[in-house]
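**Q** So that we are looking at the same thing, I have put the structure below in structure tokens.
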Amino acid sequence: MFTRSEDQQLLEDTTKRFLEAECPLDKMRDLATHSSGYERTFWQRGAELGWTSLVVPEEVGGGSVSDQGVRDLALVAYQFGLHAAPGPLTGSNVVAAAIGRWGTREQQAGPLKELLSGEAAGAWALAEAPPNDALGRIELRAAETPDGYLLEGVKSPVEAGMDASYFLVTARSGAGLSQFLVPSGAPGLRVAPLHSLDMTKSFARLEFDHAQLPRCSVIGEVGTAAAAVEWLSDLAVTVQVAEMCGAMRWAFDTTLEWALNRYSFGRPLASYQEIKHRFADMKLWLEASLAIAAQAADAVDRDLAERSELVSAAKFYVAKYGLELMQDCVQMHGGIGVTFDHHLHLFLRRVATNTPLFGTPGQHAARLTDILEAREGPR
Amino acid sequence: MNETDDMESVEDFAARARAWLPGNMPRAADGIGGYKAVRRSDEEELAHIDHCRSLQRRLFDGGFAGICVPRAYGGQGLTDAHQAAFNREIRGYEYPADTQVPTLTPCMSVILEFGTEEQKMRHVPPILRGEAFWMQFLSEPSGGSDLAGALTTAVRDGDEWVLNGSKIWTTGAWWADWALCLARTNWDVPKHRGMSVFMLEIHQPGIEVHRIEMLSGSREFCQEFMTDVRVPDSQRIGPVGEGWAVAVRWMYHERTIAGGSRYVTSPAGQPAVALDPTGGPPALLPLLRSRGLAEDTRVKEEIGESRAITLVGNALTGHIAEQIRTGAASEQWAAITRLWYGTTAARNSTIAFDLIGSSAVAWSEEEQDLGEIGIRFLMRQTSCIAGGTTEMARNAISERVLGMPGERRVDVDVPFRDVPRNAPSS
């Protein structure tokens with residue numbers, strides 16, 4: 001995806017070996033029946049490899065391998081995509097990043113430690129169900145009370161919502177956006193499971209019904225979280241896009257191998273010009289996706305002025321052409337490509353599931369126009 | 001060749017460029033802000049080319065022309081990193097856009113790679129001084145993509161060759177100076193083994209330049225008719241009969257136009273070919289705002305898509321060029337970039353046409369620029385045809401990048417004379 005430093009290569013290689021051993025594709029299909037799609041010990045051992053600490057400042061227990069924590073995390077995510085691996089990678093990292101940057105000492109002492117060690121999983125309750133699903137739209141209310149805050153509203157879908165011990169909840173309060181750290185057992189919070197296209201990911205719907213939160217559950221200052229939410233959202237999309245690139249890579253390589261070895265009418269599928277030209281298009285989409293995913297990770301890492309533009313361009317492109325690529329790979333396989341027995345659907349599910357979450361391709365395209373308009377100044 | 005001994009560092013070089021540019025190169029007009037169609041009369045085109053020559057001359061006088069070209073041939077003898085630094089510094093300034101393609105690449109690139117010492121000494125310095133514009137005599141009316149099927153014939157006559165045939169799709173041959181010409185020198189061997197490449201002056205007896213009128217009204221593309229054109233053997237480039245090896249590298253250099261050529265000067269982040277001098281769909285924003293459409297979801301998504309195309313294209317071009325530079329990928333990967341620019345330019349054309357609506361098909365005097373969008377849409381496929389079709393790029397990617405089997409050939413092991421071909425066109 002991008003040039004790796006030695007340490008990054010090591011992180012990626014150990015992740016790859018671990019996932020190869022722990023997540024054979026046959027096992028991934030069996031996980032369909034497991035409630036959260038993975039074993040807690042799997043996640044804790046992954047945390048030991050560094051999966052949960054890369055975007056958390058060193059002072060509070062985190063640490064990247066290269067001073068490019070977002071890129072490190074993108075490499076891990078790429079491997080997750082390549083192995084259709086389960087686990088709360090996006091959620092735990094986003095929640096840990098938020099506590100690490102803006103959390104209180106107490107939050108950093110307790111919940112953050114659990115997230116870093118993999119003992120607990122985190123989930124970001126950002127999205128809201130239609131019709132409140134426009135990019136950046138937050139309708140869940142947080143009202144100030146004498147004892148703290150009263151949350152009222154619904155968050156859905158929340159990725160890793162069924163296995164998370166801690167939710168980062170983004171809410172609207174009088175002054176603006178606020179973020180809260182909410183334990184899964186908080187009074188007034190109902191966590192209901194959702195069905196999921198991706199068998200190895202769990203999703204939940206969170207209903208806050210007069211949920212009373214103590215004052216200490218705020219992360220950062222009340223009403224001033226807009227910039228933090230945007231940064232975290234760019235981070236989440238970066239992870240998501242890198243993961244999709246990994247899944248696309250698996251599908252492309254596997255399908256090319258198939259086309260070279262599968263004979264039809266006495267010659268390999270790969271010898272037909274129609275098939276060759278479709279592979280050429282897919283190769284273009286794959287390389288373009290890898291290139292923009294790397295630039296997005298770099299921009300978030302260094303918090304460049306073009307950060308949001310590159311992230312939205314990446315989400316738009318990778319989601320749009322990633323799905324095309326996945327479905328073309330199915331087409332190249334023919335009937336076997338839509339069976340449960342073939343592994344292809346594990347990757348198709350991953351790419352399809354990531355596509356609308358944290359902003360649809362269309363919403364990210366529209367965001368690019370908003371950024372252009374803002375740059376042109378007042379009208 | 002001890003050019004590396006006391007080579008100026010990239011930082012010093014960039015600082016020198018930064019200090020030199022403001023007093024020597026004009027500032028570029030702003031990109032985004034209003035849609036402006038670009039169409040020139042012949043007089044305007046000639047004035048534009050003269051301006052381009054003078055910009056190239058300024059670079060030469062300032063010591064910034066041919067940054068990667070050896071000093072012996074009038075260049076600076078520096079490295080790709082120096083060229084890349086200059087491309088960053090020249091952002092916001094005018095630059096000799098029309099000199100880059102096809103004069104510097106592929107033509108000069110081919111001369112540098114295959115030319116004799118005398119040929120390089122003679123031809124490279126005038127190019128770098130902006131005195132000579134080169135064109136490609138490559139495609140023929142008998143077949144577009146099948147370049148090795150050229151019918152133009154060169155017959156040896158003492159120290160000279162006599163050329164007969166026709167070339168087509170040369171942009172600007174009516175004002176350019178020199179051409180690289182692929183010709184058949186032996187009809188009795190298989191097609192790829194009977195070709196040679198020549199350098200020839202365009203304006204000489206025996207060459208008739210005919211301007212082709214495109215459906216847009218443009219008359220930039222030309223067809224040349226060569227009748228008993230005499231070319232000295234000293235103007236042959238590469239060995240007799242091995243012209244296809246030259247042509248293969250020639251086409252490679254052509255594919256690097258969109259990014260990756262070490263000889264191209266163009267502001268970083270922009271492809272060397274100004275694929276859309278109008279600024280593309282984002283430049284339509286002010287107009288759409290005035291029509292009350294700026295908040296329309298479809299409008300925002302389509303303009304955003306166009307913006308994403310630019311950003312992803314920049315990332316892809318850098319990614320591929322880096323892979324080729326480090327040897328992680330073969331030069332064949334340039335076909336990926338070519339396919340990108342062809343297909344995305346077509347998409348941009350469609351987006352603009354879609355956004356403008358009826359003004360692109362029926363327009364008033366004041367809306368000439370909008371009508372131009374309709375005309376550009378009719379010309380949309382040009383980006384997928386010119387410079388090697390996207391189908392040829394897909395062949396190259398599938399066969400030479402992905403290792404898929406080649407097409408079955410009926411024209412490789414037989415004398416070219418016996419290969420079935422089109423009847424001569426009039």
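Naming scheme: A, B, ... for chains in displayed order of the structure tokens; residues 1 onward per chain; ligands 1 onward as shown.
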If you count only C-alpha atoms, which residues fall within 10 Å of region 54-70 of chain B, apart from same-chain ones fewer than 2 positions away, as number ranges by chain?
**A** B: 1, 3, 13, 16-17, 20-21, 24-26, 48-52, 72-84, 86, 94-100, 104, 108-109, 112, 124-131, 262-265
**Q** Restrict the calculation to only C-alpha atoms, then for each residue of chain B with any atom at most 7 Å from an atom of chain A give the closest atom pair and their distance in Å to one decimal, rows by chain and rising residue number, as JSON lines.
**A**
{"residue": "B:Lys300", "atom": "CA", "partner": "A:Ala366", "partner_atom": "CA", "distance": 4.7}
{"residue": "B:Glu301", "atom": "CA", "partner": "A:Ala366", "partner_atom": "CA", "distance": 4.6}
{"residue": "B:Ile303", "atom": "CA", "partner": "A:Thr369", "partner_atom": "CA", "distance": 6.1}
{"residue": "B:Gly304", "atom": "CA", "partner": "A:Ala365", "partner_atom": "CA", "distance": 4.1}
{"residue": "B:Glu305", "atom": "CA", "partner": "A:Ala365", "partner_atom": "CA", "distance": 5.4}
{"residue": "B:Arg307", "atom": "CA", "partner": "A:Leu368", "partner_atom": "CA", "distance": 6.8}
{"residue": "B:Ala308", "atom": "CA", "partner": "A:Ala313", "partner_atom": "CA", "distance": 4.6}
{"residue": "B:Leu311", "atom": "CA", "partner": "A:Ala313", "partner_atom": "CA", "distance": 6.7}
{"residue": "B:Val312", "atom": "CA", "partner": "A:Ile292", "partner_atom": "CA", "distance": 5.5}
{"residue": "B:Ala315", "atom": "CA", "partner": "A:Ala291", "partner_atom": "CA", "distance": 5.3}
{"residue": "B:Leu316", "atom": "CA", "partner": "A:Ala288", "partner_atom": "CA", "distance": 5.1}
{"residue": "B:His319", "atom": "CA", "partner": "A:Ala291", "partner_atom": "CA", "distance": 5.9}
{"residue": "B:Ile336", "atom": "CA", "partner": "A:Leu284", "partner_atom": "CA", "distance": 5.8}
{"residue": "B:Arg394", "atom": "CA", "partner": "A:Ala280", "partner_atom": "CA", "distance": 5.2}
{"residue": "B:Asn395", "atom": "CA", "partner": "A:His277", "partner_atom": "CA", "distance": 6.7}
{"residue": "B:Ile397", "atom": "CA", "partner": "A:Ala280", "partner_atom": "CA", "distance": 5.5}
{"residue": "B:Ser398", "atom": "CA", "partner": "A:Ala280", "partner_atom": "CA", "distance": 5.3}
{"residue": "B:Met404", "atom": "CA", "partner": "A:Ala270", "partner_atom": "CA", "distance": 5.8}
{"residue": "B:Pro405", "atom": "CA", "partner": "A:Ser271", "partner_atom": "CA", "distance": 5.1}
{"residue": "B:Gly406", "atom": "CA", "partner": "A:Ser271", "partner_atom": "CA", "distance": 6.9}
**Q** Generate the output file for the selected residues, C-alpha atoms, as a PDB file, in the first residue's frame.
**A**
ATOM      1  CA  LYS B 300     -22.752  17.742  -5.374  1.00  0.00           C
ATOM      2  CA  GLU B 301     -22.141  14.048  -5.933  1.00  0.00           C
ATOM      3  CA  ILE B 303     -18.740  17.421  -8.833  1.00  0.00           C
ATOM      4  CA  GLY B 304     -17.363  15.537  -5.834  1.00  0.00           C
ATOM      5  CA  GLU B 305     -16.749  12.525  -8.042  1.00  0.00           C
ATOM      6  CA  ARG B 307     -12.761  16.097  -7.550  1.00  0.00           C
ATOM      7  CA  ALA B 308     -12.094  12.537  -6.339  1.00  0.00           C
ATOM      8  CA  LEU B 311      -7.113  13.372  -6.134  1.00  0.00           C
ATOM      9  CA  VAL B 312      -7.053   9.640  -6.824  1.00  0.00           C
ATOM     10  CA  ALA B 315      -2.117   9.423  -5.920  1.00  0.00           C
ATOM     11  CA  LEU B 316      -2.134   6.713  -8.594  1.00  0.00           C
ATOM     12  CA  HIS B 319       2.303   5.396  -6.827  1.00  0.00           C
ATOM     13  CA  ILE B 336      -2.265   1.476 -15.928  1.00  0.00           C
ATOM     14  CA  ARG B 394      -5.863  -3.186 -21.386  1.00  0.00           C
ATOM     15  CA  ASN B 395      -3.984  -5.694 -23.536  1.00  0.00           C
ATOM     16  CA  ILE B 397      -1.937  -4.606 -18.521  1.00  0.00           C
ATOM     17  CA  SER B 398      -3.429  -8.070 -18.820  1.00  0.00           C
ATOM     18  CA  MET B 404      -2.294 -13.487 -18.897  1.00  0.00           C
ATOM     19  CA  PRO B 405      -1.950 -15.332 -22.237  1.00  0.00           C
ATOM     20  CA  GLY B 406      -1.345 -13.276 -25.380  1.00  0.00           C
TER      21      GLY B 406
END
**Q** Could you list, as a list in words, every residue within 8 Å of Asp228 (chain B), counting only C-alpha atoms and ignoring same-chain residues fewer than 2 positions away?
**A**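 My reading of the contact set: Val162, Leu163, Asn164, Gly206, Met226 and Arg230 of chain B.
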**Q** Report, in Å with one decimal, the straight-line distance from CA of Leu235 (chain A) to CA of Val70 (chain A).
**A**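 About the pair CA of Leu235 (chain A) and CA of Val70 (chain A): they are 7.5 Å apart.
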**Q** List as a ChimeraX atom specification the protein and nucleic acid residues near Ala148 (chain B), meaning an atom at most 9 Å away when only C-alpha atoms are counted, but skip any in the same chain fewer than 6 places from it.
**A** /B:182,184,191-192,195,244,247
**Q** Go ahead and save the picked residues with C-alpha atoms, as a PDB file, in the first residue's frame.
**A**
ATOM      1  CA  LEU B 182       8.302   4.605 -38.477  1.00  0.00           C
ATOM      2  CA  ARG B 184       8.899  -0.464 -43.481  1.00  0.00           C
ATOM      3  CA  LYS B 191       6.232  -7.498 -39.735  1.00  0.00           C
ATOM      4  CA  HIS B 192       8.197  -6.669 -36.584  1.00  0.00           C
ATOM      5  CA  MET B 195      10.976  -1.715 -39.860  1.00  0.00           C
ATOM      6  CA  TRP B 244      10.254  -2.047 -33.868  1.00  0.00           C
ATOM      7  CA  ALA B 247       8.994   1.871 -31.535  1.00  0.00           C
TER       8      ALA B 247
END
**Q** Would you mind writing down, as number ranges by chain, each residue of region 108-304 of chain A that DSSP on the backbone assigns to alpha helix (DSSP H)?
**A** A: 108-109, 111-117, 226-261, 273-301
**Q** Excluding Pro157 (chain A) and its own-chain neighbours fewer than 6 positions away, which residues fall within 10 Å of it when counting only C-alpha atoms? Please give them as a ChimeraX atom specification.
**A** /A:124-129,193-194,196,202-206,357
**Q** Taking 3 positions as the minimum chain separation for residues in the same chain, which residues sit within 8 Å of Ala362 (chain B) when counting only C-alpha atoms? Answer as a list in words.
**A**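 Everything that qualifies: Ser358, Ser359 and Gly371 of chain B.
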**Q** To one decimal in Å, tell me the separation between CA of Arg40 (chain A) and CA of Arg249 (chain A).
**A**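 Atom-to-atom, CA of Arg40 (chain A) and CA of Arg249 (chain A) are spaced 27.5 Å apart.
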